[in-house]
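Just input.txt here, compact mmCIF, C-alpha atoms:
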```txt
# COMPACT_ATOMS: atom_id res chain seq x y z
CA MET A 1 15.37 -32.25 -15.48
CA GLY A 2 17.06 -35.15 -17.20
CA GLU A 3 16.17 -37.87 -14.71
CA VAL A 4 13.85 -40.66 -15.63
CA GLU A 5 10.61 -40.13 -13.82
CA LYS A 6 9.51 -43.39 -12.40
CA GLY A 7 6.12 -44.52 -11.30
CA GLU A 8 4.20 -41.56 -12.62
CA THR A 9 2.95 -43.13 -15.75
CA GLY A 10 0.00 -44.96 -14.23
CA MET A 11 -3.47 -43.48 -14.33
CA SER A 12 -3.84 -43.50 -10.56
CA ASP A 13 -0.59 -41.55 -10.19
CA LYS A 14 -1.86 -38.94 -12.57
CA ILE A 15 -5.05 -38.60 -10.61
CA LYS A 16 -3.09 -38.42 -7.35
CA THR A 17 -0.94 -35.64 -8.76
CA LEU A 18 -4.00 -33.77 -9.91
CA LEU A 19 -5.78 -34.18 -6.59
CA PHE A 20 -2.67 -33.11 -4.69
CA THR A 21 -2.39 -29.95 -6.78
CA ILE A 22 -6.07 -29.13 -6.30
CA VAL A 23 -5.94 -29.67 -2.55
CA VAL A 24 -2.77 -27.63 -2.07
CA THR A 25 -4.17 -24.82 -4.22
CA ALA A 26 -7.42 -24.81 -2.27
CA VAL A 27 -5.63 -24.72 1.09
CA PHE A 28 -3.38 -21.80 0.16
CA THR A 29 -6.18 -19.90 -1.56
CA PHE A 30 -8.29 -20.34 1.56
CA LEU A 31 -5.50 -19.03 3.80
CA VAL A 32 -4.80 -16.01 1.63
CA SER A 33 -8.48 -15.09 1.27
CA GLY A 34 -8.90 -15.48 5.01
CA ILE A 35 -6.16 -12.96 5.71
CA ASN A 36 -7.55 -10.67 3.06
CA ALA A 37 -11.02 -10.80 4.58
CA ALA A 38 -9.63 -10.17 8.06
CA LEU A 39 -7.72 -7.04 7.03
CA LYS A 40 -10.03 -5.75 4.31
CA GLU A 41 -11.71 -3.11 6.41
CA ARG A 42 -8.43 -1.68 7.56
CA ILE A 43 -7.12 -1.53 3.99
CA GLU A 44 -10.30 0.23 2.83
CA LEU A 45 -9.96 2.72 5.65
CA ASN A 46 -6.33 3.39 4.71
CA ARG A 47 -7.39 4.11 1.12
CA LEU A 48 -10.15 6.42 2.30
CA VAL A 49 -7.79 8.28 4.63
CA ALA A 50 -5.18 8.65 1.88
CA ARG A 51 -7.84 10.18 -0.39
CA GLN A 52 -9.17 12.47 2.30
CA LYS A 53 -5.65 13.62 3.11
CA VAL A 54 -5.13 14.62 -0.51
CA ILE A 55 -8.36 16.62 -0.57
CA LEU A 56 -7.60 18.28 2.77
CA SER A 57 -4.11 19.20 1.63
CA LEU A 58 -5.54 20.82 -1.49
CA PHE A 59 -7.74 22.95 0.78
CA GLY A 60 -4.56 23.87 2.67
CA LEU A 61 -5.70 22.02 5.76
CA MET A 62 -2.69 19.74 6.07
CA PRO A 63 0.16 22.16 6.83
CA ALA A 64 3.57 20.53 6.85
CA ASP A 65 4.45 21.87 10.30
CA LYS A 66 1.34 20.39 11.93
CA ILE A 67 1.19 16.65 12.27
CA ILE A 68 -2.31 15.24 12.05
CA ALA A 69 -2.78 11.66 13.19
CA GLU A 70 -4.16 9.26 10.59
CA SER A 71 -7.05 8.42 12.88
CA ASP A 72 -8.14 12.07 13.09
CA VAL A 73 -8.33 12.53 9.34
CA PRO A 74 -11.89 11.22 8.72
CA ALA A 75 -13.33 13.44 11.48
CA LEU A 76 -11.43 16.47 10.24
CA PHE A 77 -12.60 15.73 6.71
CA VAL A 78 -16.26 15.60 7.75
CA ALA A 79 -15.92 18.73 9.89
CA GLU A 80 -14.17 20.84 7.28
CA THR A 81 -15.46 19.79 3.88
CA GLU A 82 -18.71 18.93 2.19
CA PRO A 83 -19.49 17.36 -1.15
CA VAL A 84 -20.85 19.65 -3.85
CA LYS A 85 -23.75 18.39 -5.91
CA PHE A 86 -24.19 19.83 -9.35
CA THR A 87 -27.51 19.96 -11.10
CA ALA A 88 -26.11 18.52 -14.32
CA THR A 89 -24.86 15.10 -13.18
CA ALA A 90 -24.57 13.43 -9.84
CA ASP A 91 -21.36 11.55 -10.51
CA PHE A 92 -18.97 14.49 -10.69
CA ILE A 93 -16.94 14.23 -7.50
CA CYS A 94 -16.38 17.68 -6.06
CA TYR A 95 -15.83 19.18 -2.59
CA ARG A 96 -15.80 22.61 -0.98
CA ARG A 97 -15.08 23.93 2.50
CA LYS A 98 -18.01 23.91 4.88
CA ASN A 99 -19.58 27.38 5.21
CA ALA A 100 -17.14 28.55 2.61
CA THR A 101 -17.07 32.21 1.73
CA ASP A 102 -14.61 31.67 -1.11
CA GLU A 103 -15.18 29.73 -4.29
CA LEU A 104 -12.53 27.08 -3.80
CA PHE A 105 -13.48 23.70 -5.24
CA VAL A 106 -11.58 20.43 -5.22
CA PHE A 107 -12.65 17.86 -7.78
CA ALA A 108 -11.51 14.46 -9.01
CA PHE A 109 -10.05 13.77 -12.42
CA SER A 110 -8.73 10.72 -14.21
CA GLY A 111 -7.46 9.80 -17.62
CA GLN A 112 -5.05 7.65 -19.55
CA GLY A 113 -1.41 8.41 -18.81
CA PHE A 114 1.59 7.18 -20.73
CA TRP A 115 1.42 3.73 -19.11
CA ASP A 116 -1.45 3.56 -16.70
CA ASN A 117 -4.42 5.67 -15.65
CA ILE A 118 -3.55 8.90 -13.90
CA VAL A 119 -5.97 9.72 -11.11
CA GLY A 120 -5.99 12.74 -8.84
CA PHE A 121 -7.63 15.92 -7.66
CA LEU A 122 -7.54 19.52 -8.85
CA ALA A 123 -8.18 22.56 -6.66
CA VAL A 124 -9.60 25.61 -8.43
CA ASP A 125 -10.68 29.08 -7.45
CA ALA A 126 -13.92 29.47 -9.40
CA LYS A 127 -14.16 33.19 -8.70
CA ASN A 128 -10.85 34.13 -10.28
CA MET A 129 -10.86 31.03 -12.51
CA GLN A 130 -7.41 29.93 -11.39
CA VAL A 131 -5.94 26.53 -10.67
CA LYS A 132 -4.87 26.43 -7.04
CA GLY A 133 -3.31 23.02 -6.81
CA ILE A 134 -3.05 19.52 -8.22
CA GLU A 135 -2.42 16.16 -6.56
CA PHE A 136 -2.05 12.71 -8.08
CA THR A 137 -3.41 9.80 -6.08
CA SER A 138 -2.28 7.10 -8.46
CA HIS A 139 -0.25 6.85 -11.61
CA GLY A 140 2.09 4.37 -13.26
CA GLU A 141 4.48 6.73 -15.02
CA THR A 142 8.16 5.83 -15.41
CA PRO A 143 9.97 6.51 -12.14
CA GLY A 144 12.42 9.37 -12.53
CA LEU A 145 10.87 10.55 -15.81
CA GLY A 146 7.08 10.81 -16.01
CA GLY A 147 6.99 9.78 -12.37
CA ARG A 148 8.23 13.26 -11.54
CA ILE A 149 4.63 14.51 -11.83
CA SER A 150 4.18 13.59 -8.18
CA GLU A 151 7.07 15.82 -7.09
CA PRO A 152 6.00 19.00 -5.26
CA GLU A 153 8.07 21.09 -7.65
CA PHE A 154 6.09 19.86 -10.66
CA LYS A 155 2.71 20.21 -8.97
CA ALA A 156 3.59 23.80 -8.00
CA ARG A 157 3.87 24.66 -11.69
CA PHE A 158 0.06 24.67 -11.91
CA LYS A 159 -0.45 27.15 -9.11
CA ASP A 160 -2.42 30.29 -10.05
CA LYS A 161 -2.74 29.31 -13.70
CA PRO A 162 -5.84 30.94 -15.24
CA PHE A 163 -8.25 28.72 -17.14
CA ALA A 164 -11.20 31.00 -17.90
CA ASN A 165 -10.39 31.36 -21.58
CA LYS A 166 -9.40 29.00 -24.31
CA ARG A 167 -6.18 29.64 -26.16
CA GLN A 168 -6.09 29.82 -29.93
CA ASP A 169 -5.23 26.14 -30.09
CA GLY A 170 -8.37 25.28 -28.11
CA LEU A 171 -6.53 24.46 -24.89
CA ARG A 172 -7.01 26.22 -21.59
CA LEU A 173 -3.56 25.31 -20.32
CA LYS A 174 -0.72 24.16 -22.53
CA LEU A 175 2.20 22.06 -21.36
CA VAL A 176 5.32 23.32 -23.09
CA ALA A 177 8.95 22.19 -23.07
CA GLU A 178 10.55 22.36 -19.65
CA GLY A 179 11.61 25.92 -18.88
CA ALA A 180 9.83 27.33 -21.94
CA ALA A 181 6.65 28.58 -20.25
CA THR A 182 6.41 32.32 -20.83
CA ARG A 183 2.67 32.98 -20.84
CA LEU A 184 0.32 32.56 -17.89
CA ASP A 185 -1.60 29.82 -19.69
CA GLU A 186 1.54 27.76 -20.25
CA VAL A 187 2.92 25.18 -17.84
CA ASP A 188 6.40 23.67 -17.95
CA GLY A 189 6.28 20.03 -19.00
CA ILE A 190 8.85 17.38 -18.15
CA THR A 191 11.93 16.81 -20.28
CA GLY A 192 12.25 13.15 -21.23
CA ALA A 193 8.58 12.51 -20.56
CA THR A 194 6.79 14.00 -23.53
CA GLY A 195 4.19 11.25 -23.41
CA THR A 196 3.35 11.97 -19.79
CA SER A 197 3.35 15.73 -20.37
CA SER A 198 0.88 15.53 -23.21
CA ALA A 199 -1.27 13.07 -21.28
CA ILE A 200 -1.40 15.48 -18.33
CA GLU A 201 -2.25 18.33 -20.71
CA LYS A 202 -5.16 16.34 -22.09
CA ILE A 203 -6.42 15.18 -18.71
CA VAL A 204 -6.20 18.59 -17.05
CA ASN A 205 -7.88 20.39 -19.94
CA LYS A 206 -10.68 17.85 -20.01
CA ALA A 207 -11.14 18.07 -16.23
CA LEU A 208 -11.23 21.86 -16.29
CA ALA A 209 -13.73 21.90 -19.15
CA GLN A 210 -15.88 19.41 -17.27
CA PHE A 211 -15.78 21.55 -14.16
CA ILE A 212 -16.80 24.66 -16.09
CA THR A 213 -19.75 22.84 -17.66
CA GLN A 214 -20.86 21.49 -14.30
CA LYS A 215 -20.45 24.86 -12.62
CA GLN A 216 -22.50 26.62 -15.29
CA GLY A 217 -25.29 24.09 -14.76
CA GLY A 218 -25.56 25.30 -11.19
CA ILE A 219 -25.10 23.80 -7.76
CA SER A 220 -28.01 22.00 -6.17
CA ASN A 221 -26.86 22.02 -2.55
CA MET B 1 25.36 -24.86 -7.27
CA SER B 2 25.74 -28.06 -5.34
CA ASN B 3 22.90 -29.47 -3.32
CA GLY B 4 25.56 -31.40 -1.51
CA PRO B 5 25.89 -32.10 2.15
CA VAL B 6 25.92 -28.46 3.24
CA LYS B 7 23.93 -28.43 6.46
CA GLY B 8 22.97 -26.19 9.34
CA PHE B 9 24.89 -23.00 9.85
CA ASP B 10 27.18 -23.68 6.94
CA ALA B 11 24.11 -23.49 4.71
CA PHE B 12 23.35 -20.13 6.29
CA LYS B 13 26.88 -18.78 6.21
CA ARG B 14 27.77 -19.57 2.62
CA MET B 15 24.81 -17.50 1.42
CA LEU B 16 26.20 -14.38 3.04
CA TRP B 17 29.51 -14.35 1.25
CA GLU B 18 30.74 -17.36 -0.71
CA GLU B 19 27.54 -18.08 -2.59
CA ASN B 20 25.79 -14.77 -2.09
CA PRO B 21 22.80 -14.90 -4.47
CA VAL B 22 23.26 -11.38 -5.81
CA ILE B 23 27.05 -11.23 -6.05
CA GLY B 24 27.72 -14.83 -6.97
CA GLN B 25 24.72 -15.64 -9.07
CA ILE B 26 23.48 -12.18 -10.11
CA LEU B 27 19.95 -13.10 -9.05
CA GLY B 28 17.29 -10.74 -7.82
CA ILE B 29 18.83 -7.66 -9.38
CA CYS B 30 15.54 -6.33 -10.77
CA SER B 31 14.40 -5.32 -7.32
CA ALA B 32 17.96 -4.49 -6.31
CA LEU B 33 17.94 -1.70 -8.89
CA ALA B 34 14.41 -0.52 -8.32
CA VAL B 35 14.03 -0.10 -4.59
CA THR B 36 17.50 0.96 -3.51
CA ASN B 37 16.98 4.71 -3.83
CA LEU B 38 15.42 4.88 -0.38
CA VAL B 39 16.84 3.09 2.65
CA LYS B 40 13.41 2.66 4.23
CA ASN B 41 11.92 0.95 1.16
CA THR B 42 15.00 -1.23 0.81
CA MET B 43 14.66 -2.30 4.42
CA VAL B 44 11.01 -3.30 3.95
CA MET B 45 11.85 -5.12 0.72
CA CYS B 46 14.68 -7.04 2.40
CA LEU B 47 12.52 -8.02 5.37
CA GLY B 48 9.81 -9.12 2.94
CA LEU B 49 12.25 -11.29 1.03
CA ILE B 50 13.76 -12.81 4.17
CA PHE B 51 10.27 -13.66 5.41
CA THR B 52 9.22 -15.13 2.05
CA LEU B 53 12.41 -17.17 1.80
CA ALA B 54 12.19 -18.51 5.34
CA MET B 55 8.52 -19.46 5.09
CA SER B 56 8.65 -20.84 1.53
CA CYS B 57 11.75 -22.91 2.24
CA LEU B 58 10.17 -24.23 5.44
CA THR B 59 6.90 -25.12 3.72
CA VAL B 60 8.52 -26.66 0.66
CA SER B 61 10.89 -28.64 2.84
CA LEU B 62 8.07 -29.94 5.03
CA MET B 63 6.16 -31.01 1.94
CA ARG B 64 9.18 -32.25 0.01
CA ASN B 65 8.33 -35.92 0.35
CA VAL B 66 4.72 -35.60 -0.76
CA ILE B 67 5.04 -33.17 -3.67
CA PRO B 68 4.80 -35.10 -6.95
CA ARG B 69 7.94 -34.41 -8.99
CA ARG B 70 6.02 -33.33 -12.06
CA VAL B 71 4.16 -30.50 -10.42
CA ARG B 72 6.84 -29.44 -7.94
CA MET B 73 7.58 -26.11 -9.64
CA ILE B 74 3.91 -25.15 -9.76
CA ILE B 75 3.51 -26.04 -6.10
CA GLN B 76 6.61 -24.01 -5.20
CA VAL B 77 5.35 -20.96 -7.05
CA LEU B 78 1.97 -21.37 -5.39
CA ILE B 79 3.53 -21.48 -1.92
CA ILE B 80 5.78 -18.49 -2.65
CA ALA B 81 2.87 -16.52 -4.09
CA ALA B 82 0.73 -17.20 -1.03
CA TYR B 83 3.37 -15.77 1.30
CA VAL B 84 4.05 -12.78 -0.91
CA ILE B 85 0.35 -11.91 -1.14
CA PHE B 86 0.26 -12.23 2.63
CA ILE B 87 3.05 -9.64 2.91
CA LYS B 88 1.32 -7.35 0.43
CA ILE B 89 -1.96 -7.47 2.38
CA VAL B 90 -0.20 -6.83 5.68
CA LEU B 91 1.72 -3.88 4.20
CA ASP B 92 -1.49 -2.44 2.72
CA ALA B 93 -3.14 -2.71 6.09
CA PHE B 94 -0.37 -1.45 8.37
CA LEU B 95 2.15 0.48 6.26
CA PRO B 96 0.05 1.81 3.36
CA GLU B 97 2.50 4.54 2.37
CA ILE B 98 5.45 2.20 2.05
CA SER B 99 3.24 -0.27 0.22
CA ASN B 100 2.32 2.47 -2.22
CA GLU B 101 5.92 3.49 -2.80
CA LEU B 102 7.08 -0.08 -3.33
CA GLY B 103 4.31 -0.42 -5.89
CA PRO B 104 4.62 -3.65 -7.84
CA TYR B 105 7.94 -4.71 -6.36
CA VAL B 106 6.51 -6.53 -3.36
CA GLY B 107 4.36 -8.60 -5.70
CA LEU B 108 7.40 -9.24 -7.83
CA ILE B 109 9.09 -11.11 -4.99
CA ILE B 110 7.06 -14.03 -6.38
CA THR B 111 9.22 -14.07 -9.46
CA ASN B 112 12.42 -13.23 -7.62
CA CYS B 113 14.78 -15.94 -8.80
CA ILE B 114 16.41 -16.19 -5.40
CA VAL B 115 13.25 -17.63 -3.86
CA MET B 116 12.62 -20.13 -6.65
CA GLY B 117 16.31 -20.98 -6.65
CA ARG B 118 16.43 -21.79 -2.95
CA THR B 119 13.20 -23.76 -2.84
CA GLU B 120 14.00 -25.81 -5.93
CA GLY B 121 17.72 -26.02 -5.37
CA TYR B 122 17.85 -26.65 -1.65
CA ALA B 123 14.57 -26.93 0.25
CA MET B 124 13.23 -29.70 -2.02
CA ALA B 125 16.09 -31.94 -0.94
CA ASN B 126 16.82 -30.95 2.64
CA LYS B 127 15.34 -31.03 6.13
CA PRO B 128 13.22 -28.07 7.32
CA TYR B 129 15.84 -26.83 9.81
CA ASP B 130 18.56 -26.61 7.16
CA ALA B 131 16.14 -25.24 4.58
CA VAL B 132 15.10 -22.34 6.82
CA LEU B 133 18.71 -21.47 7.62
CA ASP B 134 19.57 -21.62 3.93
CA GLY B 135 16.60 -19.41 3.05
CA VAL B 136 17.25 -16.84 5.76
CA GLY B 137 20.91 -16.83 4.76
CA ALA B 138 20.02 -16.09 1.15
CA GLY B 139 17.66 -13.31 2.29
CA ILE B 140 20.31 -11.73 4.48
CA GLY B 141 22.88 -12.15 1.71
CA TYR B 142 20.53 -10.21 -0.56
CA SER B 143 20.11 -7.53 2.10
CA LEU B 144 23.87 -7.24 2.53
CA VAL B 145 24.07 -6.13 -1.07
CA LEU B 146 20.95 -3.95 -1.21
CA LEU B 147 21.39 -2.00 2.01
CA PRO B 148 24.89 -0.64 1.30
CA ILE B 149 23.71 0.42 -2.17
CA ALA B 150 20.71 2.19 -0.67
CA ILE B 151 22.91 3.82 1.96
CA ILE B 152 25.02 5.28 -0.84
CA ARG B 153 22.18 6.19 -3.20
CA GLU B 154 19.77 7.91 -0.84
CA PRO B 155 22.14 10.49 0.71
CA LEU B 156 23.80 11.32 -2.61
CA GLY B 157 20.55 11.48 -4.55
CA LEU B 158 18.17 13.06 -2.07
CA GLY B 159 20.44 14.32 0.70
CA THR B 160 18.54 12.24 3.23
CA PHE B 161 19.03 9.03 5.18
CA PHE B 162 15.96 7.14 6.30
CA GLY B 163 14.00 10.25 5.29
CA MET B 164 16.03 12.55 7.57
CA GLN B 165 18.11 15.34 6.13
CA VAL B 166 21.75 14.37 6.66
CA ILE B 167 23.51 16.43 4.05
CA PRO B 168 23.30 20.25 4.21
CA SER B 169 20.63 21.53 1.86
CA ASP B 170 23.09 23.61 -0.18
CA TRP B 171 24.55 20.33 -1.45
CA THR B 172 23.66 19.78 -5.09
CA LYS B 173 21.66 16.59 -5.20
CA TRP B 174 22.77 13.99 -7.70
CA ASN B 175 19.44 13.34 -9.38
CA MET B 176 21.21 10.57 -11.23
CA MET B 177 21.44 8.54 -8.03
CA VAL B 178 17.67 8.40 -7.64
CA ILE B 179 16.86 6.91 -11.01
CA ALA B 180 17.37 3.29 -12.01
CA PRO B 181 20.56 3.61 -14.11
CA SER B 182 22.56 4.63 -11.05
CA GLY B 183 21.39 1.38 -9.47
CA PHE B 184 23.23 -0.41 -12.27
CA PHE B 185 26.42 1.54 -11.65
CA ALA B 186 26.25 1.16 -7.89
CA LEU B 187 25.47 -2.54 -8.10
CA ALA B 188 28.17 -3.20 -10.67
CA THR B 189 30.77 -1.29 -8.66
CA TYR B 190 29.77 -3.12 -5.52
CA ILE B 191 29.98 -6.53 -7.17
CA TRP B 192 33.32 -5.60 -8.70
CA ILE B 193 34.79 -4.60 -5.33
CA VAL B 194 33.39 -7.63 -3.55
CA ARG B 195 34.60 -10.07 -6.19
CA ALA B 196 38.04 -8.51 -6.15
CA LEU B 197 38.17 -8.91 -2.37
CA LYS B 198 36.77 -12.41 -2.50
CA SER B 199 39.29 -13.98 -4.79
CA GLY B 200 42.15 -11.60 -4.27
CA GLY B 201 41.89 -10.77 -7.95
CA GLU B 202 40.05 -13.53 -9.74
CA LYS B 203 42.33 -15.66 -11.89
CA ARG B 204 41.20 -16.58 -15.30
```
Rendering of file as structure tokens:
Amino acid sequence: MGEVEKGETGMSDKIKTLLFTIVVTAVFTFLVSGINAALKERIELNRLVARQKVILSLFGLMPADKIIAESDVPALFVAETEPVKFTATADFICYRRKNATDELFVFAFSGQGFWDNIVGFLAVDAKNMQVKGIEFTSHGETPGLGGRISEPEFKARFKDKPFANKRQDGLRLKLVAEGAATRLDEVDGITGATGTSSAIEKIVNKALAQFITQKQGGISN
Amino acid sequence: MSNGPVKGFDAFKRMLWEENPVIGQILGICSALAVTNLVKNTMVMCLGLIFTLAMSCLTVSLMRNVIPRRVRMIIQVLIIAAYVIFIKIVLDAFLPEISNELGPYVGLIITNCIVMGRTEGYAMANKPYDAVLDGVGAGIGYSLVLLPIAIIREPLGLGTFFGMQVIPSDWTKWNMMVIAPSGFFALATYIWIVRALKSGGEKR
């Protein structure tokens, strides 16, 4: 910064500076990792609860007028849902209601968004082949534009959309310009977020196709 | 910015008004634009910054006589980063939803120029007591700009205040107020008003 730096030209000063930096770095790294280790379990639990809440809400088990304490979520999750194992592959994450009489499935999806990966869950009625709901657990879309995918109003656009048949263009559901959806297999996209809209189209179609393949392979539990 | 003989409560006070880091120096506006659409998030962000400033200034000031001049910036960033990661971990553990909504902005406190500015510009040359007051002052000065902006943006944009509905639901929400550009307008207007008040019409 303009001043003449005195006394730092000698070899021993250089070594001192280096040692000082190493020691300070080690001390702060140690402190931060200590705190991280101390709170790690709690953070993991929070993530798990957040995920379980999303799945429960897709099953309609988190009504807005009933407040469920965070600490009750894991128990409720275990009591109400069970994982579905498909014969085809073991790593397809899918849940259904315990002792379910309907064919409602909630399964995980992920894919490349406009900026970052978009991860979430889809709820489908496999009997009527309709989408029942969609939730995003993480995304990095532009706030106010693509970020609008996490708004309830956008998510509601997928409700009751049929996906049994492919359209002529090979898609099961097509995201069209906002307000332009006229057919049942069309979903309104987001104006100003064409990149996000087409990413969602790709991800959802892939996830639905995957689910159909898995479902046709049969359930092993 | 003088590193002059400003001590004690004067160091604290000048940060609130005279040398307010956001109004006077236009520092820290990245987060000022990004988090001010919700009062709750703004509050958490401000508390995070006040904590980071207080602790970093204290630590840097305590170490000021032993930090080699050549590596002082690296050491400062290291200290700031440690405190910010601490905040991020605590938020993840105890307020996961807010942490999620704030996304990268908590982490970005590390690069908030206000913190670097205060540690390098003041704490490196002053006693711990003064450095903490200066840091807390800068943090509160930042909050004094962000909170009013959030208090304007949230009700107009979402019809809520602190998440509670305050404006009748038949009010047409100004979606504009929620997205970042309105942060620019609100911040600019705020700075304009404050500067006009400050100097009684700044003379060129």
Might you pull out every residue within 9 Å of Val115 of chain B, with only C-alpha atoms counted and same-chain residues fewer than 4 positions away left off, and present them as a list in words?
Gly28, Leu49, Thr52, Leu53, Ser56, Cys57, Ile80, Ile109, Ile110, Thr111, Thr119, Glu120, Gly135, Ala138 and Gly139 of chain B
Starting from the point (-8.9, 16.7, 2.6), work out which residues of protein, DNA or RNA have an atom no more than 10 Å away when counting only C-alpha atoms; state them as a PyMOL selection string.
chain A and resi 49-62+73-74+76-78+80-81+95-97+106
Do you have, as JSON lines, the list of residues of chain A lying at most 12 Å from chain B, each with its nearest atom pair and that distance in Å to one decimal, counting all atoms listed in the file and ordered by chain then number?
```
{"residue": "A:Met1", "atom": "CA", "partner": "B:Arg70", "partner_atom": "CA", "distance": 10.0}
{"residue": "A:Glu3", "atom": "CA", "partner": "B:Arg69", "partner_atom": "CA", "distance": 10.6}
{"residue": "A:Val4", "atom": "CA", "partner": "B:Arg69", "partner_atom": "CA", "distance": 10.9}
{"residue": "A:Glu5", "atom": "CA", "partner": "B:Arg69", "partner_atom": "CA", "distance": 7.9}
{"residue": "A:Lys6", "atom": "CA", "partner": "B:Arg69", "partner_atom": "CA", "distance": 9.7}
{"residue": "A:Gly7", "atom": "CA", "partner": "B:Pro68", "partner_atom": "CA", "distance": 10.5}
{"residue": "A:Glu8", "atom": "CA", "partner": "B:Arg70", "partner_atom": "CA", "distance": 8.4}
{"residue": "A:Thr9", "atom": "CA", "partner": "B:Arg70", "partner_atom": "CA", "distance": 10.9}
{"residue": "A:Asp13", "atom": "CA", "partner": "B:Pro68", "partner_atom": "CA", "distance": 9.0}
{"residue": "A:Lys14", "atom": "CA", "partner": "B:Pro68", "partner_atom": "CA", "distance": 9.5}
{"residue": "A:Ile15", "atom": "CA", "partner": "B:Pro68", "partner_atom": "CA", "distance": 11.1}
{"residue": "A:Lys16", "atom": "CA", "partner": "B:Pro68", "partner_atom": "CA", "distance": 8.6}
{"residue": "A:Thr17", "atom": "CA", "partner": "B:Pro68", "partner_atom": "CA", "distance": 6.0}
{"residue": "A:Leu18", "atom": "CA", "partner": "B:Val71", "partner_atom": "CA", "distance": 8.8}
{"residue": "A:Leu19", "atom": "CA", "partner": "B:Pro68", "partner_atom": "CA", "distance": 10.6}
{"residue": "A:Phe20", "atom": "CA", "partner": "B:Ile67", "partner_atom": "CA", "distance": 7.8}
{"residue": "A:Thr21", "atom": "CA", "partner": "B:Ile75", "partner_atom": "CA", "distance": 7.1}
{"residue": "A:Ile22", "atom": "CA", "partner": "B:Ile75", "partner_atom": "CA", "distance": 10.1}
{"residue": "A:Val23", "atom": "CA", "partner": "B:Ile75", "partner_atom": "CA", "distance": 10.7}
{"residue": "A:Val24", "atom": "CA", "partner": "B:Ile75", "partner_atom": "CA", "distance": 7.6}
{"residue": "A:Thr25", "atom": "CA", "partner": "B:Leu78", "partner_atom": "CA", "distance": 7.1}
{"residue": "A:Ala26", "atom": "CA", "partner": "B:Leu78", "partner_atom": "CA", "distance": 10.5}
{"residue": "A:Val27", "atom": "CA", "partner": "B:Ala82", "partner_atom": "CA", "distance": 10.1}
{"residue": "A:Phe28", "atom": "CA", "partner": "B:Ala82", "partner_atom": "CA", "distance": 6.3}
{"residue": "A:Thr29", "atom": "CA", "partner": "B:Ala82", "partner_atom": "CA", "distance": 7.4}
{"residue": "A:Phe30", "atom": "CA", "partner": "B:Ala82", "partner_atom": "CA", "distance": 9.9}
{"residue": "A:Leu31", "atom": "CA", "partner": "B:Ala82", "partner_atom": "CA", "distance": 8.1}
{"residue": "A:Val32", "atom": "CA", "partner": "B:Ala82", "partner_atom": "CA", "distance": 6.3}
{"residue": "A:Ser33", "atom": "CA", "partner": "B:Phe86", "partner_atom": "CA", "distance": 9.3}
{"residue": "A:Gly34", "atom": "CA", "partner": "B:Phe86", "partner_atom": "CA", "distance": 10.0}
{"residue": "A:Ile35", "atom": "CA", "partner": "B:Phe86", "partner_atom": "CA", "distance": 7.2}
{"residue": "A:Asn36", "atom": "CA", "partner": "B:Ile89", "partner_atom": "CA", "distance": 6.5}
{"residue": "A:Ala37", "atom": "CA", "partner": "B:Ile89", "partner_atom": "CA", "distance": 9.9}
{"residue": "A:Ala38", "atom": "CA", "partner": "B:Ile89", "partner_atom": "CA", "distance": 9.9}
{"residue": "A:Leu39", "atom": "CA", "partner": "B:Ala93", "partner_atom": "CA", "distance": 6.4}
{"residue": "A:Lys40", "atom": "CA", "partner": "B:Ala93", "partner_atom": "CA", "distance": 7.7}
{"residue": "A:Glu41", "atom": "CA", "partner": "B:Ala93", "partner_atom": "CA", "distance": 8.6}
{"residue": "A:Arg42", "atom": "CA", "partner": "B:Ala93", "partner_atom": "CA", "distance": 5.6}
{"residue": "A:Ile43", "atom": "CA", "partner": "B:Ala93", "partner_atom": "CA", "distance": 4.7}
{"residue": "A:Glu44", "atom": "CA", "partner": "B:Ala93", "partner_atom": "CA", "distance": 8.4}
{"residue": "A:Leu45", "atom": "CA", "partner": "B:Ala93", "partner_atom": "CA", "distance": 8.7}
{"residue": "A:Asn46", "atom": "CA", "partner": "B:Pro96", "partner_atom": "CA", "distance": 6.7}
{"residue": "A:Arg47", "atom": "CA", "partner": "B:Pro96", "partner_atom": "CA", "distance": 8.1}
{"residue": "A:Leu48", "atom": "CA", "partner": "B:Pro96", "partner_atom": "CA", "distance": 11.2}
{"residue": "A:Val49", "atom": "CA", "partner": "B:Pro96", "partner_atom": "CA", "distance": 10.2}
{"residue": "A:Ala50", "atom": "CA", "partner": "B:Glu97", "partner_atom": "CA", "distance": 8.7}
{"residue": "A:Glu70", "atom": "CA", "partner": "B:Pro96", "partner_atom": "CA", "distance": 11.2}
{"residue": "A:Thr137", "atom": "CA", "partner": "B:Asn100", "partner_atom": "CA", "distance": 10.1}
{"residue": "A:Ser138", "atom": "CA", "partner": "B:Asn100", "partner_atom": "CA", "distance": 9.0}
{"residue": "A:His139", "atom": "CA", "partner": "B:Gly103", "partner_atom": "CA", "distance": 10.3}
{"residue": "A:Gly140", "atom": "CA", "partner": "B:Gly103", "partner_atom": "CA", "distance": 9.1}
{"residue": "A:Glu141", "atom": "CA", "partner": "B:Gly103", "partner_atom": "CA", "distance": 11.6}
{"residue": "A:Thr142", "atom": "CA", "partner": "B:Ile179", "partner_atom": "CA", "distance": 9.8}
{"residue": "A:Pro143", "atom": "CA", "partner": "B:Ile179", "partner_atom": "CA", "distance": 7.0}
{"residue": "A:Gly144", "atom": "CA", "partner": "B:Ile179", "partner_atom": "CA", "distance": 5.3}
{"residue": "A:Leu145", "atom": "CA", "partner": "B:Ile179", "partner_atom": "CA", "distance": 8.5}
{"residue": "A:Gly146", "atom": "CA", "partner": "B:Ile179", "partner_atom": "CA", "distance": 11.7}
{"residue": "A:Gly147", "atom": "CA", "partner": "B:Ile179", "partner_atom": "CA", "distance": 10.4}
{"residue": "A:Arg148", "atom": "CA", "partner": "B:Ile179", "partner_atom": "CA", "distance": 10.7}
{"residue": "A:Ser150", "atom": "CA", "partner": "B:Glu101", "partner_atom": "CA", "distance": 11.6}
```
